[in-house]
There are 2 protein chains.
Amino acid sequence: MALISADPGQAPGGAKAAITVDRILDAALEAIEESGFEDLTMRKVAARLGTGPASLYAHVRNRSELSDLLIGRLCSRVALPTPDPACWRDQFLDVCAQLRDQMLHYPGIAQATLTMVVPADLATLRVAEVMLALLLASGAPAQQAAWTSDAAFLYIAGYCLEASAARRQSEDTDGQAIDREEIRERLRMLPPDQFPHTVAHAGDLTSGTGHDRFTFTLTLLLQGLASREIDGAHGWGAQA
Amino acid sequence: MALISADPGQAPGGAKAAITVDRILDAALEAIEESGFEDLTMRKVAARLGTGPASLYAHVRNRSELSDLLIGRLCSRVALPTPDPACWRDQFLDVCAQLRDQMLHYPGIAQATLTMVVPADLATLRVAEVMLALLLASGAPAQQAAWTSDAAFLYIAGYCLEASAARRQSEDTDGQAIDREEIRERLRMLPPDQFPHTVAHAGDLTSGTGHDRFTFTLTLLLQGLASREIDGAHGWGAQA
DNA sequence: CCGGTGTCACGAACATTGTTCCACTGGCGA
DNA sequence: TCGCCAGTGGAACAATGTTCGTGACACCGG
């Protein structure tokens with residue numbers, strides 16, 4: 001995908017630059033890598049392509065569509081397994097971890113996932129399809145599998161957004177490893193009579209080296225799904 | 001935090017207008033109720049108070065702090081139970097449902113929850129404290145309880161954000177009940193060879209009348225937490 | 001070889017945003 | 001009565017997303 005990918009015969013000669021959707025996405029991802037999704041600007045993307053902001057609107061309807069295409073691009077980089085009923089669990093966790101790593105590599109881009117209503121991009125849908133297929137391979141009923149895959153997607157996005165926001169805030173201040181330590185300290189200094197558990201377990205609340213917390217939550221979801229089959233169908237309660 | 005205490009005797013007589021943090025929050029919530037959090041503007045809030053935008057900055061550091069205070073306000077409206085080990089599960093689901101309803105009443109405000117790194121507001125922390133307390137009452141180990149409450153909070157925000165975005169998009173088009181039906185149709189019309197499960201279960205993916213999906217996911221989390229205790233500690237896998 | 005025709009690039013402009021500056025005021029302590 | 005100063009708000013600034021209209025360049029029927 002050098003300068004002139006430009007799938008069909010569009011602009012073959014290519015005397016000048018030939019702005020393409022792909023080049024726009026590349027530039028946008030570079031910009032996000034540097035300054036995060038929040039500071040992503042049509043002007044910055046355009047500047048990276050050596051032009052003005054108006055040039056982008058010939059290939060992208062607006063900023064929102066650009067966001068959709070960006071996560072489509074991210075999803076297209078996820079290596080999708082062919083569902084194997086023997087190890088669907090590990091396969092599912094692996095896909096989730098890939099999504100997480102992609103999103104964490106581009107700080108704040110998870111925002112786009114949550115604002116987007118329905119995936120308009122084929123690559124995104126392909127990831128969703130495989131996640132659903134993996135859960136169905138577990139033997140869960142279709143509706144539960146569908147809802148669980150949706151919940152997992154939502155959680156991944158939330159996790160990445162929170163992580164990116166934390167990293168961003170820790171960079172705003174001068175020090176680098178301040179975040180977790182400082183948050184823990186602030187939690188510890190709360191009035192212990194009003195917040196006994198928060199104070200007592202401040203360490204646990206802020207812990208989670210690596211992505212332990214991430215894996216834990218997804219495993220929790222899968223375990224819940226599995227235990228549900230054992231229980232049989234008692235309508236998963238909820239009286240409120 | 002000298003500027004934002006404001007509650008007590010400040011400006012008692014109230015000859016003119018007396019801008020307060022509380023009045024700012026009220027105005028902001030009204031604005032959000034009308035046009036959503038995305039369209040919330042310092043100018044709109046100020047206009048609702050009959051003044052210019054500059055007046056707000058004497059009581060609120062910036063838009064981000066305003067957001068924090070807003071969800072603090074929302075959290076302060078949640079009726080918190082005293083944890084009862086006999087029915088902690090229902091209590092937990094009830095608190096989550098209250099949070100959900102508050103957030104859904106103010107479209108898009110869940111955004112603020114996800115952007116916020118650590119809850120700066122006491123009311124928010126109080127909700128988090130009770131959620132943690134309820135999970136601890138279940139007998140779960142502290143770290144698992146802490147992580148689960150975090151995951152639940154993340155999921156609630158994601159769910160509300162998605163729901164608000166869907167409602168917003170369905171209002172942009174003229175019809176009102178278009179969203180779910182149209183999304184389902186679009187999913188059904190995908191190439192069945194590439195997206196067999198998505199096409200087959202489009203109904204399940206888009207289903208979820210009321211908040212079935214919401215309750216389902218949270219129950220899934222809690223069941224996973226419960227089943228974990230039975231298993232004992234085998235380190236919740238994760239090899240990737 | 002040429003004039004027409006479309007598509008694409010892009011400088012300039014517009015409306016709106018968050019935020020800051022600074023002149024003004026009105027009430028309270030000395 | 002005077003001075004002070006917290007609170008107010010009009011005006012301005014830089015930055016944003018988006019659109020308009022002009023230009024250039026490639027293609028194509030003559």
# chains A, B, ... in the order shown; residues from 1 in each chain; ligands from 1
$ residues_around --residues "DG4 (chain C)" --least-positions-apart "3" --cutoff "12 Å" --atoms "only C-alpha atoms (C1' of nucleotides)" --output "list in words"
DC27, DC28, DG29 and DG30 of chain D
$ write_last_selection --atoms "C-alpha atoms (C1' of nucleotides)" --output "PDB file, in the first residue's frame"
ATOM      1  C1'  DC D  27     -10.017  12.041 -20.581  1.00  0.00           C
ATOM      2  C1'  DC D  28     -12.799  11.942 -25.060  1.00  0.00           C
ATOM      3  C1'  DG D  29     -15.614  12.941 -29.183  1.00  0.00           C
ATOM      4  C1'  DG D  30     -14.429  15.567 -33.012  1.00  0.00           C
TER       5       DG D  30
END
$ interface_residues --of "chain B" --to "chain A" --cutoff "6 Å" --atoms "only C-alpha atoms" --output "PyMOL selection string"
chain B and resi 117+129+143+146+154-155+158+166+198+204-205+220-221+223-224
$ closest_residue --among "B:Thr51, B:Ser64, B:Thr82, B:Thr20" --to "chain C" --atoms "only C-alpha atoms (C1' of nucleotides)"
B:Ser64
$ residues_around --residues "region 10-20 of chain D" --least-positions-apart "4" --cutoff "8 Å" --atoms "only C-alpha atoms (C1' of nucleotides)" --output "mmCIF file with N, CA and C atoms (P, O5', C5', C4', C3', O3' and C1' of nucleotides), in the first residue's frame"
data_model
loop_
_atom_site.group_PDB
_atom_site.id
_atom_site.type_symbol
_atom_site.label_atom_id
_atom_site.label_comp_id
_atom_site.auth_asym_id
_atom_site.auth_seq_id
_atom_site.Cartn_x
_atom_site.Cartn_y
_atom_site.Cartn_z
ATOM 1 N N THR A 41 -7.779 15.803 14.368
ATOM 2 C CA THR A 41 -8.415 16.935 13.720
ATOM 3 C C THR A 41 -8.346 16.746 12.218
ATOM 4 N N MET A 42 -9.396 17.115 11.551
ATOM 5 C CA MET A 42 -9.372 17.038 10.100
ATOM 6 C C MET A 42 -8.175 17.811 9.562
ATOM 7 N N ARG A 63 -16.391 13.685 10.001
ATOM 8 C CA ARG A 63 -15.494 13.126 11.007
ATOM 9 C C ARG A 63 -16.039 11.811 11.562
ATOM 10 N N GLY B 52 -23.647 35.306 30.048
ATOM 11 C CA GLY B 52 -22.675 34.869 29.055
ATOM 12 C C GLY B 52 -21.848 33.716 29.572
ATOM 13 P P DT C 17 -22.164 26.227 19.665
ATOM 14 O "O5'" DT C 17 -20.736 25.902 20.291
ATOM 15 C "C5'" DT C 17 -20.242 24.566 20.231
ATOM 16 C "C4'" DT C 17 -18.752 24.537 20.498
ATOM 17 C "C3'" DT C 17 -18.343 25.040 21.869
ATOM 18 O "O3'" DT C 17 -18.445 23.995 22.805
ATOM 19 C "C1'" DT C 17 -16.842 25.795 20.149
#
$ closest_residue --among "A:Leu40, A:Ala47, A:Ala140, A:Ala58" --to "chain C" --atoms "only C-alpha atoms (C1' of nucleotides)"
A:Ala58
$ closest_residue --among "A:Leu69, A:Cys96, A:Leu49, A:Ala31" --to "chain C" --atoms "only C-alpha atoms (C1' of nucleotides)"
A:Leu49
$ closest_residue --among "B:His105, B:Pro192, B:Asn62, B:Ala112" --to "chain C" --atoms "only C-alpha atoms (C1' of nucleotides)"
B:Asn62
$ calpha_fit_rmsd --fixed "chain B" --moving "chain A"
2.6 Å
$ interface_residues --of "chain D" --to "chain B" --cutoff "10 Å" --atoms "only C-alpha atoms (C1' of nucleotides)" --output "JSON list (two decimals) with C-alpha atoms (C1' of nucleotides), in the first residue's frame"
[["chain", "number", "residue", "atom", "x", "y", "z"],
["D", 6, "DA", "C1'", -15.43, 38.48, 44.67],
["D", 7, "DG", "C1'", -18.52, 37.82, 41.28],
["D", 8, "DT", "C1'", -20.33, 39.25, 36.60],
["D", 9, "DG", "C1'", -20.42, 39.32, 31.83],
["D", 10, "DG", "C1'", -19.30, 41.62, 27.10]]
$ atom_distance --atom1 "C1' of DC22 (chain C)" --atom2 "CA of Glu65 (chain B)"
24.3 Å
$ closest_atom_pairs --of "chain C" --to "chain B" --cutoff "9 Å" --atoms "only C-alpha atoms (C1' of nucleotides)" --output "Markdown table"
| residue | atom | partner | partner_atom | distance |
| --- | --- | --- | --- | --- |
| C:DT17 | C1' | B:Thr41 | CA | 7.8 |
| C:DG18 | C1' | B:Arg63 | CA | 7.7 |
| C:DT19 | C1' | B:Asn62 | CA | 8.2 |
| C:DT20 | C1' | B:Ala54 | CA | 8.5 |
$ write_last_selection --atoms "N, CA and C atoms (P, O5', C5', C4', C3', O3' and C1' of nucleotides)" --output "CSV table (one decimal), in the first residue's frame"
chain,number,residue,atom,x,y,z
C,17,DT,P,-22.2,26.2,19.7
C,17,DT,O5',-20.7,25.9,20.3
C,17,DT,C5',-20.2,24.6,20.2
C,17,DT,C4',-18.8,24.5,20.5
C,17,DT,C3',-18.3,25.0,21.9
C,17,DT,O3',-18.4,24.0,22.8
C,17,DT,C1',-16.8,25.8,20.1
C,18,DG,P,-18.5,24.4,24.4
C,18,DG,O5',-16.9,24.6,24.7
C,18,DG,C5',-16.0,23.5,24.7
C,18,DG,C4',-14.6,24.0,25.0
C,18,DG,C3',-14.5,24.5,26.4
C,18,DG,O3',-13.2,24.1,26.9
C,18,DG,C1',-14.0,26.3,24.9
C,19,DT,P,-12.9,24.4,28.4
C,19,DT,O5',-12.2,25.9,28.4
C,19,DT,C5',-11.0,26.1,27.5
C,19,DT,C4',-10.6,27.5,27.5
C,19,DT,C3',-10.6,28.2,28.9
C,19,DT,O3',-9.2,28.5,29.2
C,19,DT,C1',-11.6,29.6,27.3
C,20,DT,P,-8.9,29.2,30.6
C,20,DT,O5',-8.7,30.7,30.1
C,20,DT,C5',-7.9,30.9,28.9
C,20,DT,C4',-7.7,32.4,28.6
C,20,DT,C3',-7.5,33.3,29.9
C,20,DT,O3',-6.5,34.3,29.4
C,20,DT,C1',-9.4,34.0,28.8
$ atom_distance --atom1 "CA of Arg23 (chain A)" --atom2 "C1' of DT22 (chain D)"
25.2 Å
$ atom_distance --atom1 "CA of Lys44 (chain B)" --atom2 "CA of Glu38 (chain A)"
22.4 Å
$ select_by_dssp --residues "region 129-238 of chain A" --states "alpha helix (DSSP H)" --output "mmCIF file with C-alpha atoms, in the first residue's frame"
data_model
loop_
_atom_site.group_PDB
_atom_site.id
_atom_site.type_symbol
_atom_site.label_atom_id
_atom_site.label_comp_id
_atom_site.auth_asym_id
_atom_site.auth_seq_id
_atom_site.Cartn_x
_atom_site.Cartn_y
_atom_site.Cartn_z
ATOM 1 C CA GLU A 129 -19.407 -12.393 13.293
ATOM 2 C CA VAL A 130 -16.486 -14.458 14.525
ATOM 3 C CA MET A 131 -17.038 -13.473 18.135
ATOM 4 C CA LEU A 132 -20.627 -14.554 17.813
ATOM 5 C CA ALA A 133 -19.605 -17.773 16.100
ATOM 6 C CA LEU A 134 -17.187 -18.605 18.907
ATOM 7 C CA LEU A 135 -19.844 -18.137 21.543
ATOM 8 C CA LEU A 136 -22.302 -20.212 19.570
ATOM 9 C CA ALA A 137 -19.646 -22.903 19.368
ATOM 10 C CA ALA A 142 -28.376 -17.901 20.228
ATOM 11 C CA GLN A 143 -29.814 -14.969 22.141
ATOM 12 C CA GLN A 144 -27.445 -15.410 25.060
ATOM 13 C CA ALA A 145 -24.491 -15.737 22.729
ATOM 14 C CA ALA A 146 -25.526 -12.609 20.870
ATOM 15 C CA TRP A 147 -25.977 -10.586 24.019
ATOM 16 C CA THR A 148 -22.728 -11.838 25.496
ATOM 17 C CA SER A 149 -20.712 -10.914 22.434
ATOM 18 C CA ASP A 150 -22.285 -7.489 22.557
ATOM 19 C CA ALA A 151 -21.393 -7.131 26.223
ATOM 20 C CA ALA A 152 -17.824 -8.224 25.567
ATOM 21 C CA PHE A 153 -17.434 -5.680 22.812
ATOM 22 C CA LEU A 154 -18.814 -2.979 25.055
ATOM 23 C CA TYR A 155 -16.486 -3.953 27.865
ATOM 24 C CA ILE A 156 -13.425 -3.999 25.635
ATOM 25 C CA ALA A 157 -14.172 -0.522 24.421
ATOM 26 C CA GLY A 158 -14.803 0.738 27.939
ATOM 27 C CA TYR A 159 -11.628 -0.835 29.242
ATOM 28 C CA CYS A 160 -9.503 0.662 26.488
ATOM 29 C CA LEU A 161 -11.100 4.063 26.853
ATOM 30 C CA GLU A 162 -10.453 4.097 30.570
ATOM 31 C CA ALA A 163 -6.883 2.911 30.120
ATOM 32 C CA SER A 164 -6.187 5.515 27.475
ATOM 33 C CA ALA A 165 -7.711 8.262 29.573
ATOM 34 C CA ALA A 166 -5.583 7.226 32.535
ATOM 35 C CA ARG A 167 -2.427 7.222 30.468
ATOM 36 C CA ARG A 168 -3.336 10.565 28.982
ATOM 37 C CA GLN A 169 -3.898 12.128 32.371
ATOM 38 C CA SER A 170 -0.669 10.715 33.717
ATOM 39 C CA GLU A 171 1.140 12.304 30.809
ATOM 40 C CA ASP A 172 -0.392 15.694 31.414
ATOM 41 C CA ILE A 178 2.101 8.814 39.039
ATOM 42 C CA ASP A 179 -1.343 7.710 38.039
ATOM 43 C CA ARG A 180 -1.927 4.464 39.838
ATOM 44 C CA GLU A 181 0.072 5.393 42.903
ATOM 45 C CA GLU A 182 -1.546 8.778 43.228
ATOM 46 C CA ILE A 183 -5.066 7.479 42.723
ATOM 47 C CA ARG A 184 -4.469 4.832 45.366
ATOM 48 C CA GLU A 185 -3.232 7.465 47.780
ATOM 49 C CA ARG A 186 -6.224 9.668 47.113
ATOM 50 C CA LEU A 187 -8.564 6.746 47.743
ATOM 51 C CA ARG A 188 -6.778 5.905 50.970
ATOM 52 C CA PRO A 196 -14.665 1.860 54.637
ATOM 53 C CA HIS A 197 -14.363 -0.628 51.803
ATOM 54 C CA THR A 198 -12.927 1.818 49.312
ATOM 55 C CA VAL A 199 -10.233 2.799 51.780
ATOM 56 C CA ALA A 200 -9.548 -0.766 52.863
ATOM 57 C CA ALA A 202 -7.798 0.806 47.563
ATOM 58 C CA GLY A 203 -4.958 -1.448 46.569
ATOM 59 C CA ASP A 204 -7.239 -3.983 44.909
ATOM 60 C CA LEU A 205 -9.254 -1.283 43.183
ATOM 61 C CA THR A 206 -6.207 0.183 41.523
ATOM 62 C CA ASP A 212 -5.173 -9.150 34.461
ATOM 63 C CA ARG A 213 -8.298 -7.128 35.052
ATOM 64 C CA PHE A 214 -9.206 -7.364 31.396
ATOM 65 C CA THR A 215 -8.879 -11.121 31.216
ATOM 66 C CA PHE A 216 -10.603 -11.507 34.545
ATOM 67 C CA THR A 217 -13.743 -9.716 33.463
ATOM 68 C CA LEU A 218 -14.088 -11.509 30.165
ATOM 69 C CA THR A 219 -13.522 -14.835 31.855
ATOM 70 C CA LEU A 220 -16.207 -13.853 34.316
ATOM 71 C CA LEU A 221 -18.626 -13.325 31.465
ATOM 72 C CA LEU A 222 -17.785 -16.654 29.901
ATOM 73 C CA GLN A 223 -18.052 -18.477 33.197
ATOM 74 C CA GLY A 224 -21.421 -16.916 33.789
ATOM 75 C CA LEU A 225 -22.510 -18.081 30.376
ATOM 76 C CA ALA A 226 -21.290 -21.580 31.111
ATOM 77 C CA SER A 227 -22.865 -21.803 34.553
ATOM 78 C CA ARG A 228 -26.154 -20.666 33.071
ATOM 79 C CA GLU A 229 -26.360 -23.813 31.007
ATOM 80 C CA ILE A 230 -25.968 -25.928 34.104
ATOM 81 C CA ASP A 231 -28.690 -24.100 35.959
#
$ residues_around --residues "DC5 (chain D)" --least-positions-apart "3" --cutoff "12 Å" --atoms "only C-alpha atoms (C1' of nucleotides)" --output "MDAnalysis selection string"
chainID C and resid 25:29
